[in-house]
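Inspection log for the structure reproduced underneath, given as structure tokens.
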Amino acid sequence: MLIVGNGNIITRKGNEFIENGAIVIEGSLIKEIGPCAEMRAKYPGTEFLDAHGGVIMPGLINPHNHIYSAFARGMAIKGYSAANFMEVLEGLWWRMDRCLTQENNELSAYAVFIDSIKNGVTTTFDHHASFFDIPGSLDAISKPAREMGLRACFCYEVSDRDGESKRRQSIEENARFIKAYNDGKNDMVHGMMGLHASFTVSDKTLKECLEAMPAGTGFHVHCAEGPADVELCQKEHGQRIIERFHDLGILGPHTLAVHCVHIDEHEMDLLKESDSMVVHNPESNMNNAVGCGQVIKMFAKGLNLGLGTDGYTNDMFESYKVGGIIHRHVLQDPRVGYAEIPAMLFEGNRQIAGRFFTQHPLGILEPNAYADIIVCDYDPLTPMNGDNCNSHIAFGFQGRSVTDTICNGKVLMRDRQIVVADEAAIMQACRQSAAKLWEAINR
């Protein structure tokens with residue numbers, strides 16, 4: 001057993017806020033929550049993790065990430081100077097994913113998951129692509145999560161862009177991984193059917209994915225991220241993207257429709273009717289200059305909305321800050337974002353993850369929920385309570401505020417020290433592997 005205490009607890013059960021509280025962990029689950037002195041007296045001799053007066057809250061959930069993008073940091077590609085999003089894809093990401101090896105995949109996953117732990121992210125949904133080396137690539141990127149003890153959902157990006165053989169291997173990789181891990185017993189690793197985007201998948205490919213996908217599984221797919229995707233869909237299929245996916249059976253309660261920057265009101269209604277999930281990635285959208293998704297309108301319509309990072313960062317607090325600012329800026333309305341963005345991060349992401357990891361609640365601190373818990377070093381300069389804690393988080397927290405990270409009852413980081421991996425050795429190996437990758441890309 002373990003007690004995490006001597007901190008202010010944000011449980012995410014409504015506006016519940018427990019001053020100087022403690023959480024009792026037994027195995028992978030939360031056993032009890034209450035005043036710190038009372039819990040320590042009730043369970044004498046139990047190991048104690050001291051929050052030192054900081055904030056104790058649920059581990060964060062990232063519903064859309066790209067592990068493979070990690071090795072792009074600092075990379076220079078000869079002749080690359082993209083003027084639009086399609087050129088970004090063709091000149092950067094597609095050149096990179098055609099060179100990624102299993103070594104690159106595994107090491108970048110170690111690096112990303114270590115960074116996730118440091119930023120308090122205990123659950124990640126990853127969308128992978130490595131067209132040079134497809135079979136077994138999901139095992140390579142899931143290995144670090146399994147070793148270190150993080151909760152994660154993986155998929156491989158099916159696309160027609162690299163030919164028939166690669167397309168077939170991609171579908172098979174997804175189906176194999178799903179069958180291996182979606183057994184109803186494993187609530188740490190899950191699989192989905194990954195798709196790149198409408199403009200790189202034919203109707204034939206989508207139908208084959210549906211046929212190969214085990215029952216109860218959904219799709220993880222980029223939707224209307226840039227305007228060219230929409231234009232090509234209308235030209236080639238006579239439909240908008242969400243309409244096409246709806247008619248072909250891609251949407252549904254286990255499908256993650258990522259981005260949805262360029263969709264209209266009818267498409268929003270189709271997403272709602274199908275009970276699909278939408279993941280907003282504000283920083284990535286800004287970085288790729290593709291626009292700002294209309295999630296404020298989607299929120300008002302009652303869509304299932306989450307907040308992700310799309311590989312731009314592993315710091316969900318950073319995305320939370322930017323998510324509010326960009327909508328106030330674009331809409332020129334200082335009122336928006338204060339309710340919608342925290343609801344996406346703390347409620348929407350929990351609901352998304354709960355559709356896949358189903359045995360116990362996560363993203364909430366209550367008895368019988370998964371013990372996915374973080375401690376943040378934060379001493380409020382104004383009164384803090386359950387009604388205003390989201391404002392404190394938005395303006396006072398950052399990823400490196402996290403001092404301790406626990407997932408499934410296992411301590412992954414203590415006093416800002418990773419305890420489940422040799423961080424220095426891994427980072428050294430990453431630098432060497434990334435250098436080889438960069439050389440291959442620039443040949």
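By convention in this document, the chains of the structure tokens carry letters A, B, ... by their order, each chain's residues are numbered from 1, and ligands are numbered from 1 in the order they are shown.
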
Can you pull out the residues contacting stretch 281-297 of chain A? Cut-off 6 Å, using only C-alpha atoms, and skip same-chain residues under 2 positions away; I want them as a list in words. Gly226, Val261, Phe299, Ala300, Gly308, Thr309, Tyr312 and Gly323 of chain A

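Minimum distance to A:Arg146 across A:Ala109, A:Asn182, A:His127, A:Ala339 (counting only C-alpha atoms) occurs at A:Ala109.
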
Which residues of stretch 293-396 of chain A sit at most 10 Å from stretch 57-73 of chain A, using only C-alpha atoms? Give each one's shortest atom pair and distance in Å (one decimal place), in chain and ascending residue order, as a tab-separated table.
```
residue	atom	partner	partner_atom	distance
A:Gly306	CA	A:Pro63	CA	6.9
A:Leu307	CA	A:Pro63	CA	6.9
A:Gly308	CA	A:His64	CA	4.9
A:Thr309	CA	A:Asn65	CA	5.8
A:Asp310	CA	A:Asn65	CA	4.4
A:Gly311	CA	A:His66	CA	4.6
A:Tyr312	CA	A:Asn65	CA	8.0
A:Thr313	CA	A:Asn65	CA	8.5
A:Asn314	CA	A:Asn62	CA	8.1
A:Asp315	CA	A:Asn62	CA	9.2
A:Met316	CA	A:Asn62	CA	7.2
A:Phe317	CA	A:Leu60	CA	9.0
A:Leu345	CA	A:Ile61	CA	7.7
A:Phe346	CA	A:Leu60	CA	7.8
A:Gly348	CA	A:Pro63	CA	9.6
A:Asn349	CA	A:Ile61	CA	6.0
A:Arg350	CA	A:Ile61	CA	7.0
A:Ile352	CA	A:Pro63	CA	7.4
A:Ala353	CA	A:Pro63	CA	7.5
A:Leu362	CA	A:Pro58	CA	7.8
A:Gly363	CA	A:Pro58	CA	5.2
A:Ile364	CA	A:Pro58	CA	5.6
A:Leu365	CA	A:Pro58	CA	6.1
A:Glu366	CA	A:Pro58	CA	9.8
A:Tyr370	CA	A:Pro58	CA	9.4
A:Ala371	CA	A:Pro58	CA	8.2
A:Asp372	CA	A:Gly59	CA	5.0
A:Ile373	CA	A:Pro58	CA	4.6
A:Ile374	CA	A:Gly59	CA	5.3
A:Val375	CA	A:Met57	CA	6.5
A:Cys376	CA	A:Met57	CA	8.0
```

One decimal place gives the atom CA of A:Gly337-atom CA of A:Val230 separation as 26.4 Å

Residue list (alpha helix (DSSP H), DSSP) for stretch 43-283 of chain A, as a PyMOL selection string: chain A and resi 85-88+94-97+102-118+137-148+164-181+203-212+227-237+241-247+265-273+282-283

Polymer residues at most 12 Å from A:Arg95, only C-alpha atoms, same-chain spacing of 4 or more positions, as an NGL selection string: :A and (69 or 72 or 76-78 or 80 or 87-91 or 99-100 or 129-132 or 161-162 or 437-438 or 440-443)

I want to know what sits within 10 Å of A:Arg240, based on only C-alpha atoms, with residues of the same chain fewer than 2 positions away left out; could you give that as a list in words?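 Everything that qualifies: Ser198, Ala224, Asp229, Val230, Glu231, Leu232, Cys233, Gln234, Lys235, His237, Gly238, Ile242, Glu243, Arg244, Phe245, His262, Ile263, Asp264, His266 and Glu267 of chain A.
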
Those in stretch 115-177 of chain A with strand (DSSP E) from DSSP, as a CSV table (one decimal) with N, CA, C and O atoms, in the first residue's frame:
```csv
chain,number,residue,atom,x,y,z
A,121,VAL,N,1.6,13.0,-17.6
A,121,VAL,CA,0.7,12.3,-18.5
A,121,VAL,C,0.8,10.8,-18.3
A,121,VAL,O,1.9,10.3,-18.5
A,122,THR,N,-0.2,10.2,-17.9
A,122,THR,CA,-0.2,8.8,-17.5
A,122,THR,C,-0.9,7.9,-18.6
A,122,THR,O,-0.8,6.7,-18.5
A,123,THR,N,-1.7,8.6,-19.5
A,123,THR,CA,-2.4,7.8,-20.5
A,123,THR,C,-2.2,8.5,-21.8
A,123,THR,O,-2.5,9.8,-21.9
A,124,THR,N,-1.8,7.8,-22.9
A,124,THR,CA,-1.5,8.4,-24.2
A,124,THR,C,-2.2,7.6,-25.3
A,124,THR,O,-2.1,6.3,-25.3
A,125,PHE,N,-2.7,8.3,-26.3
A,125,PHE,CA,-3.2,7.6,-27.5
A,125,PHE,C,-2.3,8.0,-28.6
A,125,PHE,O,-2.2,9.2,-29.0
A,126,ASP,N,-1.5,7.0,-29.2
A,126,ASP,CA,-0.5,7.4,-30.2
A,126,ASP,C,-0.9,6.9,-31.5
A,126,ASP,O,-1.5,5.8,-31.7
A,127,HIS,N,-0.5,7.7,-32.5
A,127,HIS,CA,-0.8,7.4,-34.0
A,127,HIS,C,0.5,7.3,-34.7
A,127,HIS,O,1.2,8.3,-34.8
A,128,HIS,N,0.9,6.1,-35.1
A,128,HIS,CA,2.2,5.8,-35.5
A,128,HIS,C,2.4,5.6,-37.0
A,128,HIS,O,1.4,5.1,-37.7
A,151,ARG,N,-0.2,3.8,-19.3
A,151,ARG,CA,-1.3,3.4,-20.0
A,151,ARG,C,-1.3,4.0,-21.4
A,151,ARG,O,-1.1,5.2,-21.5
A,152,ALA,N,-1.6,3.2,-22.4
A,152,ALA,CA,-1.5,3.7,-23.7
A,152,ALA,C,-2.3,2.9,-24.7
A,152,ALA,O,-2.5,1.7,-24.6
A,153,CYS,N,-2.7,3.6,-25.8
A,153,CYS,CA,-3.5,3.1,-26.9
A,153,CYS,C,-2.7,3.4,-28.2
A,153,CYS,O,-2.4,4.5,-28.4
A,154,PHE,N,-2.5,2.3,-29.0
A,154,PHE,CA,-1.6,2.5,-30.2
A,154,PHE,C,-2.4,2.1,-31.5
A,154,PHE,O,-3.3,1.3,-31.5
A,155,CYS,N,-2.0,2.7,-32.6
A,155,CYS,CA,-2.5,2.3,-33.9
A,155,CYS,C,-1.4,2.7,-34.9
A,155,CYS,O,-0.5,3.4,-34.7
A,156,TYR,N,-1.5,2.0,-36.1
A,156,TYR,CA,-0.6,2.3,-37.2
A,156,TYR,C,-1.4,3.0,-38.3
A,156,TYR,O,-2.5,2.7,-38.6
A,157,GLU,N,-0.7,4.0,-38.9
A,157,GLU,CA,-1.4,4.9,-39.9
A,157,GLU,C,-1.5,4.2,-41.2
A,157,GLU,O,-0.5,4.2,-42.0
A,158,VAL,N,-2.7,3.7,-41.5
A,158,VAL,CA,-2.9,3.1,-42.9
A,158,VAL,C,-3.0,4.2,-43.9
A,158,VAL,O,-3.6,5.2,-43.7
```

Excluding A:Pro135 and its own-chain neighbours fewer than 3 positions away, which residues fall within 10 Å of it when counting only C-alpha atoms? Please give them as a PDB file with all heavy atoms, in the first residue's frame.
```
ATOM      1  N   GLN A 102      13.111   0.256 -36.573  1.00  0.00           N
ATOM      2  CA  GLN A 102      12.584  -0.218 -35.286  1.00  0.00           C
ATOM      3  C   GLN A 102      13.380   0.387 -34.128  1.00  0.00           C
ATOM      4  O   GLN A 102      12.820   0.672 -33.075  1.00  0.00           O
ATOM      5  CB  GLN A 102      12.636  -1.752 -35.214  1.00  0.00           C
ATOM      6  CG  GLN A 102      11.785  -2.453 -36.257  1.00  0.00           C
ATOM      7  CD  GLN A 102      10.295  -2.391 -35.976  1.00  0.00           C
ATOM      8  OE1 GLN A 102       9.801  -1.438 -35.391  1.00  0.00           O
ATOM      9  NE2 GLN A 102       9.566  -3.400 -36.407  1.00  0.00           N
ATOM     10  N   SER A 130       5.736   4.411 -39.759  1.00  0.00           N
ATOM     11  CA  SER A 130       7.153   4.160 -40.077  1.00  0.00           C
ATOM     12  C   SER A 130       7.173   3.225 -41.281  1.00  0.00           C
ATOM     13  O   SER A 130       7.354   2.028 -41.147  1.00  0.00           O
ATOM     14  CB  SER A 130       7.889   3.534 -38.882  1.00  0.00           C
ATOM     15  OG  SER A 130       7.255   2.336 -38.469  1.00  0.00           O
ATOM     16  N   PHE A 131       6.988   3.796 -42.463  1.00  0.00           N
ATOM     17  CA  PHE A 131       6.748   2.983 -43.652  1.00  0.00           C
ATOM     18  C   PHE A 131       7.981   2.229 -44.141  1.00  0.00           C
ATOM     19  O   PHE A 131       7.856   1.354 -45.000  1.00  0.00           O
ATOM     20  CB  PHE A 131       6.141   3.851 -44.758  1.00  0.00           C
ATOM     21  CG  PHE A 131       4.682   4.130 -44.522  1.00  0.00           C
ATOM     22  CD1 PHE A 131       4.268   5.240 -43.805  1.00  0.00           C
ATOM     23  CD2 PHE A 131       3.717   3.247 -44.976  1.00  0.00           C
ATOM     24  CE1 PHE A 131       2.929   5.478 -43.559  1.00  0.00           C
ATOM     25  CE2 PHE A 131       2.375   3.466 -44.735  1.00  0.00           C
ATOM     26  CZ  PHE A 131       1.964   4.591 -44.030  1.00  0.00           C
ATOM     27  N   PHE A 132       9.153   2.525 -43.619  1.00  0.00           N
ATOM     28  CA  PHE A 132      10.341   1.739 -43.956  1.00  0.00           C
ATOM     29  C   PHE A 132      10.276   0.369 -43.289  1.00  0.00           C
ATOM     30  O   PHE A 132      10.777  -0.618 -43.822  1.00  0.00           O
ATOM     31  CB  PHE A 132      11.604   2.488 -43.501  1.00  0.00           C
ATOM     32  CG  PHE A 132      12.883   1.722 -43.715  1.00  0.00           C
ATOM     33  CD1 PHE A 132      13.462   1.647 -44.971  1.00  0.00           C
ATOM     34  CD2 PHE A 132      13.509   1.078 -42.661  1.00  0.00           C
ATOM     35  CE1 PHE A 132      14.637   0.944 -45.176  1.00  0.00           C
ATOM     36  CE2 PHE A 132      14.690   0.371 -42.848  1.00  0.00           C
ATOM     37  CZ  PHE A 132      15.251   0.302 -44.116  1.00  0.00           C
ATOM     38  N   LEU A 138       4.383  -1.496 -33.876  1.00  0.00           N
ATOM     39  CA  LEU A 138       3.558  -1.166 -32.705  1.00  0.00           C
ATOM     40  C   LEU A 138       4.080  -1.857 -31.448  1.00  0.00           C
ATOM     41  O   LEU A 138       3.962  -1.326 -30.347  1.00  0.00           O
ATOM     42  CB  LEU A 138       2.091  -1.540 -32.958  1.00  0.00           C
ATOM     43  CG  LEU A 138       1.376  -0.720 -34.040  1.00  0.00           C
ATOM     44  CD1 LEU A 138      -0.087  -1.131 -34.147  1.00  0.00           C
ATOM     45  CD2 LEU A 138       1.489   0.785 -33.773  1.00  0.00           C
ATOM     46  N   ASP A 139       4.681  -3.034 -31.612  1.00  0.00           N
ATOM     47  CA  ASP A 139       5.327  -3.683 -30.462  1.00  0.00           C
ATOM     48  C   ASP A 139       6.516  -2.851 -29.999  1.00  0.00           C
ATOM     49  O   ASP A 139       6.769  -2.715 -28.791  1.00  0.00           O
ATOM     50  CB  ASP A 139       5.800  -5.087 -30.831  1.00  0.00           C
ATOM     51  CG  ASP A 139       4.647  -6.041 -31.096  1.00  0.00           C
ATOM     52  OD1 ASP A 139       3.636  -5.950 -30.385  1.00  0.00           O
ATOM     53  OD2 ASP A 139       4.760  -6.857 -32.025  1.00  0.00           O
ATOM     54  N   ALA A 140       7.247  -2.278 -30.969  1.00  0.00           N
ATOM     55  CA  ALA A 140       8.435  -1.489 -30.620  1.00  0.00           C
ATOM     56  C   ALA A 140       8.070  -0.245 -29.821  1.00  0.00           C
ATOM     57  O   ALA A 140       8.747   0.094 -28.853  1.00  0.00           O
ATOM     58  CB  ALA A 140       9.191  -1.097 -31.891  1.00  0.00           C
ATOM     59  N   TYR A 156      -1.520   2.011 -36.073  1.00  0.00           N
ATOM     60  CA  TYR A 156      -0.614   2.292 -37.194  1.00  0.00           C
ATOM     61  C   TYR A 156      -1.389   3.036 -38.273  1.00  0.00           C
ATOM     62  O   TYR A 156      -2.525   2.704 -38.596  1.00  0.00           O
ATOM     63  CB  TYR A 156      -0.008   1.004 -37.785  1.00  0.00           C
ATOM     64  CG  TYR A 156       1.088   1.345 -38.753  1.00  0.00           C
ATOM     65  CD1 TYR A 156       2.399   1.425 -38.324  1.00  0.00           C
ATOM     66  CD2 TYR A 156       0.802   1.692 -40.067  1.00  0.00           C
ATOM     67  CE1 TYR A 156       3.408   1.824 -39.189  1.00  0.00           C
ATOM     68  CE2 TYR A 156       1.790   2.095 -40.936  1.00  0.00           C
ATOM     69  CZ  TYR A 156       3.093   2.156 -40.492  1.00  0.00           C
ATOM     70  OH  TYR A 156       4.078   2.571 -41.348  1.00  0.00           O
ATOM     71  N   LYS A 166       2.819  -1.745 -48.717  1.00  0.00           N
ATOM     72  CA  LYS A 166       2.847  -1.005 -47.457  1.00  0.00           C
ATOM     73  C   LYS A 166       1.436  -0.829 -46.898  1.00  0.00           C
ATOM     74  O   LYS A 166       1.212  -0.882 -45.682  1.00  0.00           O
ATOM     75  CB  LYS A 166       3.511   0.357 -47.650  1.00  0.00           C
ATOM     76  CG  LYS A 166       4.953   0.291 -48.130  1.00  0.00           C
ATOM     77  CD  LYS A 166       5.866  -0.324 -47.091  1.00  0.00           C
ATOM     78  CE  LYS A 166       7.328  -0.270 -47.539  1.00  0.00           C
ATOM     79  NZ  LYS A 166       8.245  -0.884 -46.545  1.00  0.00           N
ATOM     80  N   GLN A 169       0.468  -4.185 -45.347  1.00  0.00           N
ATOM     81  CA  GLN A 169       1.202  -4.411 -44.104  1.00  0.00           C
ATOM     82  C   GLN A 169       0.648  -3.554 -42.961  1.00  0.00           C
ATOM     83  O   GLN A 169       0.586  -4.000 -41.819  1.00  0.00           O
ATOM     84  CB  GLN A 169       2.685  -4.095 -44.308  1.00  0.00           C
ATOM     85  CG  GLN A 169       3.440  -5.102 -45.143  1.00  0.00           C
ATOM     86  CD  GLN A 169       4.900  -4.713 -45.306  1.00  0.00           C
ATOM     87  OE1 GLN A 169       5.453  -3.952 -44.511  1.00  0.00           O
ATOM     88  NE2 GLN A 169       5.536  -5.228 -46.354  1.00  0.00           N
ATOM     89  N   SER A 170       0.252  -2.322 -43.290  1.00  0.00           N
ATOM     90  CA  SER A 170      -0.274  -1.409 -42.270  1.00  0.00           C
ATOM     91  C   SER A 170      -1.572  -1.938 -41.673  1.00  0.00           C
ATOM     92  O   SER A 170      -1.773  -1.904 -40.456  1.00  0.00           O
ATOM     93  CB  SER A 170      -0.504  -0.021 -42.877  1.00  0.00           C
ATOM     94  OG  SER A 170       0.683   0.492 -43.429  1.00  0.00           O
ATOM     95  N   GLU A 172      -2.554  -5.046 -41.656  1.00  0.00           N
ATOM     96  CA  GLU A 172      -2.227  -6.265 -40.910  1.00  0.00           C
ATOM     97  C   GLU A 172      -1.589  -5.949 -39.564  1.00  0.00           C
ATOM     98  O   GLU A 172      -1.849  -6.641 -38.566  1.00  0.00           O
ATOM     99  CB  GLU A 172      -1.293  -7.141 -41.742  1.00  0.00           C
ATOM    100  CG  GLU A 172      -1.960  -7.745 -42.967  1.00  0.00           C
ATOM    101  CD  GLU A 172      -0.979  -8.447 -43.889  1.00  0.00           C
ATOM    102  OE1 GLU A 172       0.253  -8.344 -43.635  1.00  0.00           O
ATOM    103  OE2 GLU A 172      -1.431  -9.084 -44.864  1.00  0.00           O
ATOM    104  N   GLU A 173      -0.748  -4.909 -39.512  1.00  0.00           N
ATOM    105  CA  GLU A 173      -0.106  -4.538 -38.245  1.00  0.00           C
ATOM    106  C   GLU A 173      -1.143  -4.102 -37.220  1.00  0.00           C
ATOM    107  O   GLU A 173      -1.086  -4.480 -36.052  1.00  0.00           O
ATOM    108  CB  GLU A 173       0.918  -3.431 -38.485  1.00  0.00           C
ATOM    109  CG  GLU A 173       1.630  -2.917 -37.238  1.00  0.00           C
ATOM    110  CD  GLU A 173       2.528  -3.945 -36.560  1.00  0.00           C
ATOM    111  OE1 GLU A 173       2.697  -5.061 -37.104  1.00  0.00           O
ATOM    112  OE2 GLU A 173       3.064  -3.641 -35.485  1.00  0.00           O
ATOM    113  N   ASN A 174      -2.107  -3.299 -37.646  1.00  0.00           N
ATOM    114  CA  ASN A 174      -3.181  -2.890 -36.745  1.00  0.00           C
ATOM    115  C   ASN A 174      -3.980  -4.092 -36.245  1.00  0.00           C
ATOM    116  O   ASN A 174      -4.220  -4.248 -35.044  1.00  0.00           O
ATOM    117  CB  ASN A 174      -4.127  -1.916 -37.452  1.00  0.00           C
ATOM    118  CG  ASN A 174      -3.596  -0.503 -37.502  1.00  0.00           C
ATOM    119  OD1 ASN A 174      -3.163   0.048 -36.504  1.00  0.00           O
ATOM    120  ND2 ASN A 174      -3.633   0.102 -38.683  1.00  0.00           N
ATOM    121  N   ARG A 176      -3.245  -7.269 -36.153  1.00  0.00           N
ATOM    122  CA  ARG A 176      -2.453  -8.152 -35.283  1.00  0.00           C
ATOM    123  C   ARG A 176      -2.350  -7.600 -33.883  1.00  0.00           C
ATOM    124  O   ARG A 176      -2.544  -8.317 -32.890  1.00  0.00           O
ATOM    125  CB  ARG A 176      -1.051  -8.321 -35.887  1.00  0.00           C
ATOM    126  CG  ARG A 176      -0.113  -9.204 -35.064  1.00  0.00           C
ATOM    127  CD  ARG A 176       1.331  -9.033 -35.498  1.00  0.00           C
ATOM    128  NE  ARG A 176       1.827  -7.685 -35.261  1.00  0.00           N
ATOM    129  CZ  ARG A 176       2.230  -7.242 -34.067  1.00  0.00           C
ATOM    130  NH1 ARG A 176       2.175  -8.028 -33.000  1.00  0.00           N
ATOM    131  NH2 ARG A 176       2.677  -6.005 -33.931  1.00  0.00           N
TER     132      ARG A 176
END
```

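Between atom CA of A:Ser28 and atom CA of A:Met188 the interatomic distance comes to 10.9 Å.
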
Which residue is closest to A:Met384? Choose from A:Gly27, A:Gly163, A:Gly54, A:Gly5 and count only C-alpha atoms.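 Under the stated criterion, the closest residue is A:Gly54.
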
Near A:Ile18, within 9 Å and counting only C-alpha atoms, which residues show up once chain neighbours fewer than 2 positions away are dropped, as a PyMOL selection string? chain A and resi 7-11+16+20-22+34-35+385-386

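Among A:Gln398, A:Asn186, A:Asn304, A:Asn6, the residue with the shortest atom-to-atom distance to A:Ser319, counting only C-alpha atoms, is A:Gln398.
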